[in-house]
Structures are given as structure tokens and as C-alpha cells.
>>> print(open('my_file-v9.pdb').read())   # PDB, C-alpha atoms
ATOM      1  CA  MET A 145      74.716 145.450  43.807  1.00  0.00           C
ATOM      2  CA  ASP A 146      78.232 144.141  43.050  1.00  0.00           C
ATOM      3  CA  SER A 147      79.732 147.471  44.128  1.00  0.00           C
ATOM      4  CA  VAL A 148      78.521 146.944  47.712  1.00  0.00           C
ATOM      5  CA  ILE A 149      81.358 145.374  49.686  1.00  0.00           C
ATOM      6  CA  GLY A 150      80.109 145.694  53.259  1.00  0.00           C
ATOM      7  CA  VAL A 151      77.011 145.370  55.394  1.00  0.00           C
ATOM      8  CA  SER A 152      76.344 146.993  58.775  1.00  0.00           C
ATOM      9  CA  PHE A 153      74.074 145.694  61.506  1.00  0.00           C
ATOM     10  CA  ALA A 154      72.785 148.132  64.122  1.00  0.00           C
ATOM     11  CA  LEU A 155      72.436 145.378  66.706  1.00  0.00           C
ATOM     12  CA  LEU A 156      70.792 147.455  69.426  1.00  0.00           C
ATOM     13  CA  THR A 157      69.977 150.959  70.543  1.00  0.00           C
ATOM     14  CA  ARG A 158      71.071 150.369  74.144  1.00  0.00           C
ATOM     15  CA  CYS A 159      74.298 152.052  75.161  1.00  0.00           C
ATOM     16  CA  ASN A 160      75.870 152.622  78.555  1.00  0.00           C
ATOM     17  CA  ALA A 161      76.528 156.223  77.449  1.00  0.00           C
ATOM     18  CA  LYS A 162      74.081 158.902  76.364  1.00  0.00           C
ATOM     19  CA  CYS A 163      76.256 161.158  74.239  1.00  0.00           C
ATOM     20  CA  ASP A 164      75.003 164.606  73.272  1.00  0.00           C
ATOM     21  CA  HIS A 165      76.018 164.056  69.643  1.00  0.00           C
ATOM     22  CA  CYS A 166      74.446 160.600  69.123  1.00  0.00           C
ATOM     23  CA  ASN A 167      72.559 160.571  65.841  1.00  0.00           C
ATOM     24  CA  VAL A 168      70.582 157.428  66.729  1.00  0.00           C
ATOM     25  CA  GLU A 169      69.708 158.582  70.259  1.00  0.00           C
ATOM     26  CA  SER A 170      71.196 155.523  71.963  1.00  0.00           C
ATOM     27  CA  GLY A 171      71.263 155.349  75.721  1.00  0.00           C
ATOM     28  CA  PRO A 172      70.871 153.138  78.800  1.00  0.00           C
ATOM     29  CA  GLU A 173      67.078 153.395  78.701  1.00  0.00           C
ATOM     30  CA  ARG A 174      66.782 152.094  75.115  1.00  0.00           C
ATOM     31  CA  THR A 175      65.761 148.448  74.757  1.00  0.00           C
ATOM     32  CA  GLU A 176      65.396 147.830  71.012  1.00  0.00           C
ATOM     33  CA  GLU A 177      67.655 145.143  69.611  1.00  0.00           C
ATOM     34  CA  LEU A 178      67.788 142.669  66.767  1.00  0.00           C
ATOM     35  CA  ARG A 179      66.878 139.100  67.641  1.00  0.00           C
ATOM     36  CA  LEU A 180      69.965 136.899  67.417  1.00  0.00           C
ATOM     37  CA  GLU A 181      68.177 134.227  65.367  1.00  0.00           C
ATOM     38  CA  ASN A 182      67.344 136.883  62.749  1.00  0.00           C
ATOM     39  CA  VAL A 183      70.920 138.167  62.685  1.00  0.00           C
ATOM     40  CA  LEU A 184      72.268 134.636  62.208  1.00  0.00           C
ATOM     41  CA  ARG A 185      69.745 133.949  59.431  1.00  0.00           C
ATOM     42  CA  TRP A 186      70.654 137.203  57.657  1.00  0.00           C
ATOM     43  CA  LEU A 187      74.341 136.324  57.990  1.00  0.00           C
ATOM     44  CA  ASP A 188      73.575 133.001  56.262  1.00  0.00           C
ATOM     45  CA  ASP A 189      72.053 134.984  53.401  1.00  0.00           C
ATOM     46  CA  ILE A 190      75.046 137.346  53.267  1.00  0.00           C
ATOM     47  CA  LYS A 191      77.391 134.355  53.119  1.00  0.00           C
ATOM     48  CA  GLN A 192      76.085 133.682  49.610  1.00  0.00           C
ATOM     49  CA  LEU A 193      76.984 137.202  48.402  1.00  0.00           C
ATOM     50  CA  LYS A 194      80.537 136.875  47.125  1.00  0.00           C
ATOM     51  CA  ASN A 195      81.057 140.640  46.733  1.00  0.00           C
ATOM     52  CA  ILE A 196      80.464 141.272  50.462  1.00  0.00           C
ATOM     53  CA  GLN A 197      83.880 141.376  52.123  1.00  0.00           C
ATOM     54  CA  TRP A 198      83.031 142.593  55.617  1.00  0.00           C
ATOM     55  CA  VAL A 199      80.227 142.903  58.131  1.00  0.00           C
ATOM     56  CA  SER A 200      80.276 145.662  60.726  1.00  0.00           C
ATOM     57  CA  PHE A 201      78.428 145.720  64.014  1.00  0.00           C
ATOM     58  CA  ILE A 202      77.289 149.050  65.372  1.00  0.00           C
ATOM     59  CA  GLY A 203      74.778 150.193  67.946  1.00  0.00           C
ATOM     60  CA  GLY A 204      74.152 151.565  70.508  1.00  0.00           C
ATOM     61  CA  GLU A 205      77.122 149.761  71.997  1.00  0.00           C
ATOM     62  CA  PRO A 206      77.655 146.390  70.257  1.00  0.00           C
ATOM     63  CA  PHE A 207      79.533 144.906  73.209  1.00  0.00           C
ATOM     64  CA  LEU A 208      76.276 145.053  75.211  1.00  0.00           C
ATOM     65  CA  TYR A 209      74.675 142.668  72.687  1.00  0.00           C
ATOM     66  CA  GLN A 210      74.584 139.146  74.135  1.00  0.00           C
ATOM     67  CA  GLY A 211      74.999 137.494  70.721  1.00  0.00           C
ATOM     68  CA  LEU A 212      77.962 139.531  69.461  1.00  0.00           C
ATOM     69  CA  ALA A 213      80.527 136.722  69.761  1.00  0.00           C
ATOM     70  CA  ARG A 214      78.217 134.245  67.993  1.00  0.00           C
ATOM     71  CA  ALA A 215      77.431 136.690  65.199  1.00  0.00           C
ATOM     72  CA  ALA A 216      81.111 137.545  64.733  1.00  0.00           C
ATOM     73  CA  LYS A 217      82.019 133.853  64.603  1.00  0.00           C
ATOM     74  CA  LYS A 218      79.384 133.255  61.924  1.00  0.00           C
ATOM     75  CA  VAL A 219      80.845 136.093  59.831  1.00  0.00           C
ATOM     76  CA  ARG A 220      84.378 134.708  60.155  1.00  0.00           C
ATOM     77  CA  GLU A 221      83.153 131.220  59.189  1.00  0.00           C
ATOM     78  CA  SER A 222      81.864 132.681  55.921  1.00  0.00           C
ATOM     79  CA  ASP A 223      85.357 134.050  55.131  1.00  0.00           C
ATOM     80  CA  LYS A 224      84.262 137.636  55.591  1.00  0.00           C
ATOM     81  CA  LYS A 225      85.799 140.219  57.896  1.00  0.00           C
ATOM     82  CA  VAL A 226      84.278 141.537  61.125  1.00  0.00           C
ATOM     83  CA  LYS A 227      84.401 145.194  62.168  1.00  0.00           C
ATOM     84  CA  VAL A 228      82.991 146.489  65.456  1.00  0.00           C
ATOM     85  CA  PHE A 229      82.464 150.109  66.508  1.00  0.00           C
ATOM     86  CA  THR A 230      82.751 150.652  70.269  1.00  0.00           C
ATOM     87  CA  ASN A 231      83.064 153.185  73.073  1.00  0.00           C
ATOM     88  CA  CYS A 232      85.302 150.737  75.019  1.00  0.00           C
ATOM     89  CA  PHE A 233      83.365 150.782  78.300  1.00  0.00           C
ATOM     90  CA  TRP A 234      84.193 147.077  78.681  1.00  0.00           C
ATOM     91  CA  ALA A 235      87.979 147.530  78.948  1.00  0.00           C
ATOM     92  CA  PRO A 236      88.879 148.837  82.421  1.00  0.00           C
ATOM     93  CA  ASP A 237      92.250 147.085  82.100  1.00  0.00           C
ATOM     94  CA  LEU A 238      94.378 145.415  79.449  1.00  0.00           C
ATOM     95  CA  ASP A 239      93.528 141.849  80.528  1.00  0.00           C
ATOM     96  CA  ALA A 240      89.778 142.499  80.301  1.00  0.00           C
ATOM     97  CA  ALA A 241      90.237 144.064  76.865  1.00  0.00           C
ATOM     98  CA  LYS A 242      92.261 141.111  75.587  1.00  0.00           C
ATOM     99  CA  GLN A 243      89.797 138.543  76.954  1.00  0.00           C
ATOM    100  CA  ILE A 244      86.740 140.192  75.424  1.00  0.00           C
ATOM    101  CA  LEU A 245      88.475 140.797  72.094  1.00  0.00           C
ATOM    102  CA  HIS A 246      89.644 137.178  72.081  1.00  0.00           C
ATOM    103  CA  ASP A 247      86.022 136.061  72.536  1.00  0.00           C
ATOM    104  CA  VAL A 248      84.757 138.202  69.640  1.00  0.00           C
ATOM    105  CA  MET A 249      87.944 138.203  67.466  1.00  0.00           C
ATOM    106  CA  PRO A 250      87.066 141.015  65.085  1.00  0.00           C
ATOM    107  CA  ASN A 251      89.379 141.864  62.210  1.00  0.00           C
ATOM    108  CA  HIS A 252      88.931 145.568  62.896  1.00  0.00           C
ATOM    109  CA  ILE A 253      87.846 147.666  65.868  1.00  0.00           C
ATOM    110  CA  SER A 254      86.850 151.305  65.568  1.00  0.00           C
ATOM    111  CA  VAL A 255      87.114 153.035  68.953  1.00  0.00           C
ATOM    112  CA  SER A 256      85.430 156.321  69.795  1.00  0.00           C
ATOM    113  CA  ALA A 257      87.440 158.992  71.586  1.00  0.00           C
ATOM    114  CA  ASP A 258      86.005 162.484  71.902  1.00  0.00           C
ATOM    115  CA  LYS A 259      84.585 164.923  74.414  1.00  0.00           C
ATOM    116  CA  TYR A 260      81.125 163.381  74.055  1.00  0.00           C
ATOM    117  CA  HIS A 261      82.131 159.768  74.777  1.00  0.00           C
ATOM    118  CA  GLN A 262      84.702 160.662  77.431  1.00  0.00           C
ATOM    119  CA  LYS A 263      81.965 162.154  79.631  1.00  0.00           C
ATOM    120  CA  PHE A 264      80.988 158.509  80.196  1.00  0.00           C
ATOM    121  CA  ILE A 265      84.072 156.420  79.384  1.00  0.00           C
ATOM    122  CA  GLU A 266      87.606 156.852  80.724  1.00  0.00           C
ATOM    123  CA  LEU A 267      90.133 157.503  77.966  1.00  0.00           C
ATOM    124  CA  GLU A 268      92.260 154.797  79.584  1.00  0.00           C
ATOM    125  CA  ASN A 269      89.612 152.233  78.556  1.00  0.00           C
ATOM    126  CA  VAL A 270      90.059 153.307  74.939  1.00  0.00           C
ATOM    127  CA  LYS A 271      93.836 152.990  75.286  1.00  0.00           C
ATOM    128  CA  ASN A 272      93.425 149.506  76.790  1.00  0.00           C
ATOM    129  CA  VAL A 273      91.471 148.402  73.720  1.00  0.00           C
ATOM    130  CA  ILE A 274      94.091 149.881  71.399  1.00  0.00           C
ATOM    131  CA  ARG A 275      96.908 148.123  73.305  1.00  0.00           C
ATOM    132  CA  ALA A 276      94.979 144.827  73.227  1.00  0.00           C
ATOM    133  CA  CYS A 277      94.343 145.172  69.492  1.00  0.00           C
ATOM    134  CA  PHE A 278      98.049 145.722  68.872  1.00  0.00           C
ATOM    135  CA  GLU A 279      98.923 142.640  70.942  1.00  0.00           C
ATOM    136  CA  LEU A 280      96.285 140.461  69.249  1.00  0.00           C
ATOM    137  CA  GLY A 281      96.992 141.687  65.709  1.00  0.00           C
ATOM    138  CA  ILE A 282      93.595 143.345  65.296  1.00  0.00           C
ATOM    139  CA  THR A 283      93.421 146.448  63.113  1.00  0.00           C
ATOM    140  CA  VAL A 284      92.264 149.434  65.153  1.00  0.00           C
ATOM    141  CA  THR A 285      91.095 152.902  64.172  1.00  0.00           C
ATOM    142  CA  CYS A 286      90.390 155.800  66.516  1.00  0.00           C
ATOM    143  CA  GLN A 287      87.295 157.818  65.561  1.00  0.00           C
ATOM    144  CA  THR A 288      87.350 161.381  66.851  1.00  0.00           C
ATOM    145  CA  TYR A 289      86.664 164.933  65.685  1.00  0.00           C
ATOM    146  CA  ARG A 290      89.228 167.219  64.150  1.00  0.00           C
ATOM    147  CA  ASP A 291      88.906 169.760  66.971  1.00  0.00           C
ATOM    148  CA  GLU A 292      89.809 167.146  69.616  1.00  0.00           C
ATOM    149  CA  HIS A 293      93.435 168.308  69.809  1.00  0.00           C
ATOM    150  CA  GLU A 294      94.089 167.015  73.349  1.00  0.00           C
ATOM    151  CA  ILE A 295      92.819 163.524  72.581  1.00  0.00           C
ATOM    152  CA  ILE A 296      94.618 163.363  69.241  1.00  0.00           C
ATOM    153  CA  SER A 297      97.850 164.553  70.897  1.00  0.00           C
ATOM    154  CA  ALA A 298      97.515 162.020  73.722  1.00  0.00           C
ATOM    155  CA  MET A 299      96.939 159.186  71.260  1.00  0.00           C
ATOM    156  CA  ARG A 300      99.852 160.263  69.063  1.00  0.00           C
ATOM    157  CA  ALA A 301     102.141 160.585  72.100  1.00  0.00           C
ATOM    158  CA  GLU A 302     101.419 157.037  73.210  1.00  0.00           C
ATOM    159  CA  PHE A 303     100.875 155.168  69.941  1.00  0.00           C
ATOM    160  CA  GLY A 304     102.590 157.285  67.291  1.00  0.00           C
ATOM    161  CA  ASP A 305     101.780 156.498  63.692  1.00  0.00           C
ATOM    162  CA  ALA A 306     100.913 152.877  64.548  1.00  0.00           C
ATOM    163  CA  LEU A 307      97.401 154.075  65.379  1.00  0.00           C
ATOM    164  CA  ARG A 308      95.181 155.247  62.552  1.00  0.00           C
ATOM    165  CA  ILE A 309      93.201 158.280  63.699  1.00  0.00           C
ATOM    166  CA  ARG A 310      90.130 159.358  61.719  1.00  0.00           C
ATOM    167  CA  PRO A 311      89.161 162.888  62.732  1.00  0.00           C
ATOM    168  CA  ALA A 312      85.693 163.654  61.393  1.00  0.00           C
ATOM    169  CA  ALA A 313      85.027 167.195  60.265  1.00  0.00           C
ATOM    170  CA  TRP A 314      81.318 167.296  61.067  1.00  0.00           C
ATOM    171  CA  ILE A 315      78.510 165.913  63.192  1.00  0.00           C
ATOM    172  CA  GLU A 316      75.384 164.756  61.378  1.00  0.00           C
ATOM    173  CA  PRO A 317      72.531 167.091  62.418  1.00  0.00           C
ATOM    174  CA  VAL A 318      70.077 164.307  63.315  1.00  0.00           C
ATOM    175  CA  GLY A 319      68.892 162.601  66.475  1.00  0.00           C
ATOM    176  CA  ARG A 320      70.247 163.868  69.783  1.00  0.00           C
ATOM    177  CA  ALA A 321      72.879 165.934  67.952  1.00  0.00           C
ATOM    178  CA  ALA A 322      70.130 167.988  66.289  1.00  0.00           C
ATOM    179  CA  GLN A 323      68.186 168.254  69.554  1.00  0.00           C
ATOM    180  CA  ASN A 324      71.311 169.644  71.232  1.00  0.00           C
ATOM    181  CA  GLY A 325      72.172 172.014  68.387  1.00  0.00           C
ATOM    182  CA  LEU A 326      75.380 170.098  67.607  1.00  0.00           C
ATOM    183  CA  GLY A 327      74.778 169.161  64.006  1.00  0.00           C
ATOM    184  CA  THR A 328      77.122 170.730  61.497  1.00  0.00           C
ATOM    185  CA  THR A 329      77.165 170.416  57.754  1.00  0.00           C
ATOM    186  CA  ARG A 330      80.006 169.270  55.613  1.00  0.00           C
TER     187      ARG A 330
END
>>> encode(input="my_file-v9.pdb", output="C-alpha cells")
Amino acid sequence: MDSVIGVSFALLTRCNAKCDHCNVESGPERTEELRLENVLRWLDDIKQLKNIQWVSFIGGEPFLYQGLARAAKKVRESDKKVKVFTNCFWAPDLDAAKQILHDVMPNHISVSADKYHQKFIELENVKNVIRACFELGITVTCQTYRDEHEIISAMRAEFGDALRIRPAAWIEPVGRAAQNGLGTTR
């Protein structure tokens, strides 16, 4: 167990988007979510595990979870790092992005930018989150797919090498991805 350095919480299945490639079938109609009191109790337990260095929050869309700021604060109070994966729907402008990030204060944000997410989310929202992260000193990574040349080029043109881009080579063939015939193997 000492080799495990991180823990992920899938806080909810609700998402404002309903991406064709989603392997957990998140969407606006989904209502399942972890109870905040359980999350906080589990975070107390994780606090005791010295080898755990970070806690990540995933979904659905974690920024739809009412207790995200409280959970993130609890992680930070235990001297562990917070990472959040997001589609950036909540950042229509730079000020909104900075305010919401200030409330949650993650150490790392992983933003999604690809043809599946951008059917629902403006790419400008993603850029607003990246800009806000740079201003607030939050590490940011852009998750995309290696065939997303236009998005990768747009991100490189604006942010250069300051932005870490992680182009995935495959889509897991489970959930909605499998239903839509989008799953590929490694």
C-alpha cells in the first residue's frame, strides 16, 4: 500500500455535458453523488496515510458538486495536494475563473479540450481557466487527444510551452464511448 501516492474521488455523475466518449456515462440527467459528510470522513481517514500525497476530484463535473470547496480545503489542511479534472463550463470569463479557483484553491487543474467536450463548452472557457491558473500559480494540464491538431495548435499559439498538454492516444472502450463505437485500444 505504500506505493499508492494518490486517491481519486468520483464526486458525482452529473455533468452539464453529455460527451459521446464519456466512459462513466455522465450527463445532466444523472443524479448520483457522494454525500459530503462521507467524503469529509474519508478525507479524515486519508489524512492518516502518510504515503498519500494528493487527492483528485473527478466526476461527472466536479465543479457542480456543492461541497467541492469544503472537500478541497480539508485536503489542503492535511498537507496533501488537490487536483481537479474539469470541462471548464464555469469560466465564461477570466474574473469568474479566478473567483471560483480562489474558492477551491487546487494545486493542479486538468482541463479537457477536445471535439467531444467542445460540443458543449466554448474553448474560450478552457482558455479562461488556463489564464486564471497561470495568474494564481496553479499548475494546469490540458487533456486532449493526439488527433486534436486544431486545439493543440490553438493552445500552443496562445500559451506556448508554459502549458503542459497531454494528448491521449486512445479512448477507453467502455460506457458511452463503447455505445458510440468510439473505444480504441492502446
>>> resolve_selection(input="my_file-v9.pdb", expression="the PyMOL selection byres ((chain A and resi 284) around 12)", output="NGL selection string")
:A and (226-230 or 245 or 250-256 or 270-283 or 285-287 or 303 or 305-310)
>>> write_last_selection(input="my_file-v9.pdb", atoms="C-alpha atoms", output="tab-separated table (two decimals), keeping the file's coordinate frame")
chain	number	residue	atom	x	y	z
A	226	VAL	CA	84.28	141.54	61.12
A	227	LYS	CA	84.40	145.19	62.17
A	228	VAL	CA	82.99	146.49	65.46
A	229	PHE	CA	82.46	150.11	66.51
A	230	THR	CA	82.75	150.65	70.27
A	245	LEU	CA	88.48	140.80	72.09
A	250	PRO	CA	87.07	141.01	65.08
A	251	ASN	CA	89.38	141.86	62.21
A	252	HIS	CA	88.93	145.57	62.90
A	253	ILE	CA	87.85	147.67	65.87
A	254	SER	CA	86.85	151.30	65.57
A	255	VAL	CA	87.11	153.04	68.95
A	256	SER	CA	85.43	156.32	69.80
A	270	VAL	CA	90.06	153.31	74.94
A	271	LYS	CA	93.84	152.99	75.29
A	272	ASN	CA	93.42	149.51	76.79
A	273	VAL	CA	91.47	148.40	73.72
A	274	ILE	CA	94.09	149.88	71.40
A	275	ARG	CA	96.91	148.12	73.31
A	276	ALA	CA	94.98	144.83	73.23
A	277	CYS	CA	94.34	145.17	69.49
A	278	PHE	CA	98.05	145.72	68.87
A	279	GLU	CA	98.92	142.64	70.94
A	280	LEU	CA	96.28	140.46	69.25
A	281	GLY	CA	96.99	141.69	65.71
A	282	ILE	CA	93.60	143.34	65.30
A	283	THR	CA	93.42	146.45	63.11
A	285	THR	CA	91.10	152.90	64.17
A	286	CYS	CA	90.39	155.80	66.52
A	287	GLN	CA	87.30	157.82	65.56
A	303	PHE	CA	100.88	155.17	69.94
A	305	ASP	CA	101.78	156.50	63.69
A	306	ALA	CA	100.91	152.88	64.55
A	307	LEU	CA	97.40	154.07	65.38
A	308	ARG	CA	95.18	155.25	62.55
A	309	ILE	CA	93.20	158.28	63.70
A	310	ARG	CA	90.13	159.36	61.72
>>> residues_around(input="my_file-v9.pdb", residues="Asn324 in chain A", least_positions_apart="2", cutoff="12 Å", atoms="all atoms listed in the file", output="PyMOL selection string")
chain A and resi 163-167+169+260+315-322+326-328
>>> closest_residue(input="my_file-v9.pdb", among="A:Val151, A:Ala216, A:Val168, A:Ala161", to="Gln197 in chain A", atoms="all atoms listed in the file")
A:Val151
>>> closest_residue(input="my_file-v9.pdb", among="A:Met249, A:Leu180, A:Ala257, A:Cys159", to="Glu205 in chain A", atoms="all atoms listed in the file")
A:Cys159
>>> resolve_selection(input="my_file-v9.pdb", expression="the PyMOL selection byres ((chain A and resi 195) around 12)", output="NGL selection string")
:A and (145-151 or 190-194 or 196-199 or 223-224)
>>> resolve_selection(input="my_file-v9.pdb", expression="the PyMOL selection byres ((chain A and resi 289) around 9)", output="NGL selection string")
:A and (257-259 or 287-288 or 290-293 or 296 or 310-315)
>>> residues_around(input="my_file-v9.pdb", residues="Leu187 in chain A", least_positions_apart="5", cutoff="9 Å", atoms="all atoms listed in the file", output="list in words")
Asn182, Gln192, Val199, Ala215, Lys218, Val219 and Ser222 of chain A
>>> atom_distance(input="my_file-v9.pdb", atom1="CA of His261 in chain A", atom2="CA of Asn160 in chain A")
10.2 Å
>>> atom_distance(input="my_file-v9.pdb", atom1="CA of Thr157 in chain A", atom2="CA of Thr175 in chain A")
6.5 Å
>>> atom_distance(input="my_file-v9.pdb", atom1="CA of Pro206 in chain A", atom2="CA of Gly171 in chain A")
12.3 Å
>>> residues_near_point(input="my_file-v9.pdb", point="(69.5, 144.0, 71.2)", cutoff="6 Å", atoms="all atoms listed in the file", output="PyMOL selection string")
chain A and resi 155-156+176-178+209
>>> residues_near_point(input="my_file-v9.pdb", point="(81.0, 146.2, 82.5)", cutoff="12 Å", atoms="only C-alpha atoms", output="compact mmCIF listing (two decimals) with C-alpha atoms, in the coordinates of the input")
# COMPACT_ATOMS: atom_id res chain seq x y z
CA CYS A 159 74.30 152.05 75.16
CA ASN A 160 75.87 152.62 78.56
CA GLU A 205 77.12 149.76 72.00
CA PHE A 207 79.53 144.91 73.21
CA LEU A 208 76.28 145.05 75.21
CA ASN A 231 83.06 153.18 73.07
CA CYS A 232 85.30 150.74 75.02
CA PHE A 233 83.36 150.78 78.30
CA TRP A 234 84.19 147.08 78.68
CA ALA A 235 87.98 147.53 78.95
CA PRO A 236 88.88 148.84 82.42
CA ASP A 237 92.25 147.08 82.10
CA ALA A 240 89.78 142.50 80.30
CA ALA A 241 90.24 144.06 76.86
CA ILE A 244 86.74 140.19 75.42
CA ILE A 265 84.07 156.42 79.38
CA ASN A 269 89.61 152.23 78.56
>>> axis_aligned_box(input="my_file-v9.pdb", around="range 217-231 of chain A", padding_each_side="4 Å", output="JSON")
{"center_x": 82.6, "center_y": 142.2, "center_z": 64.1, "size_x": 14.4, "size_y": 30.0, "size_z": 25.9}
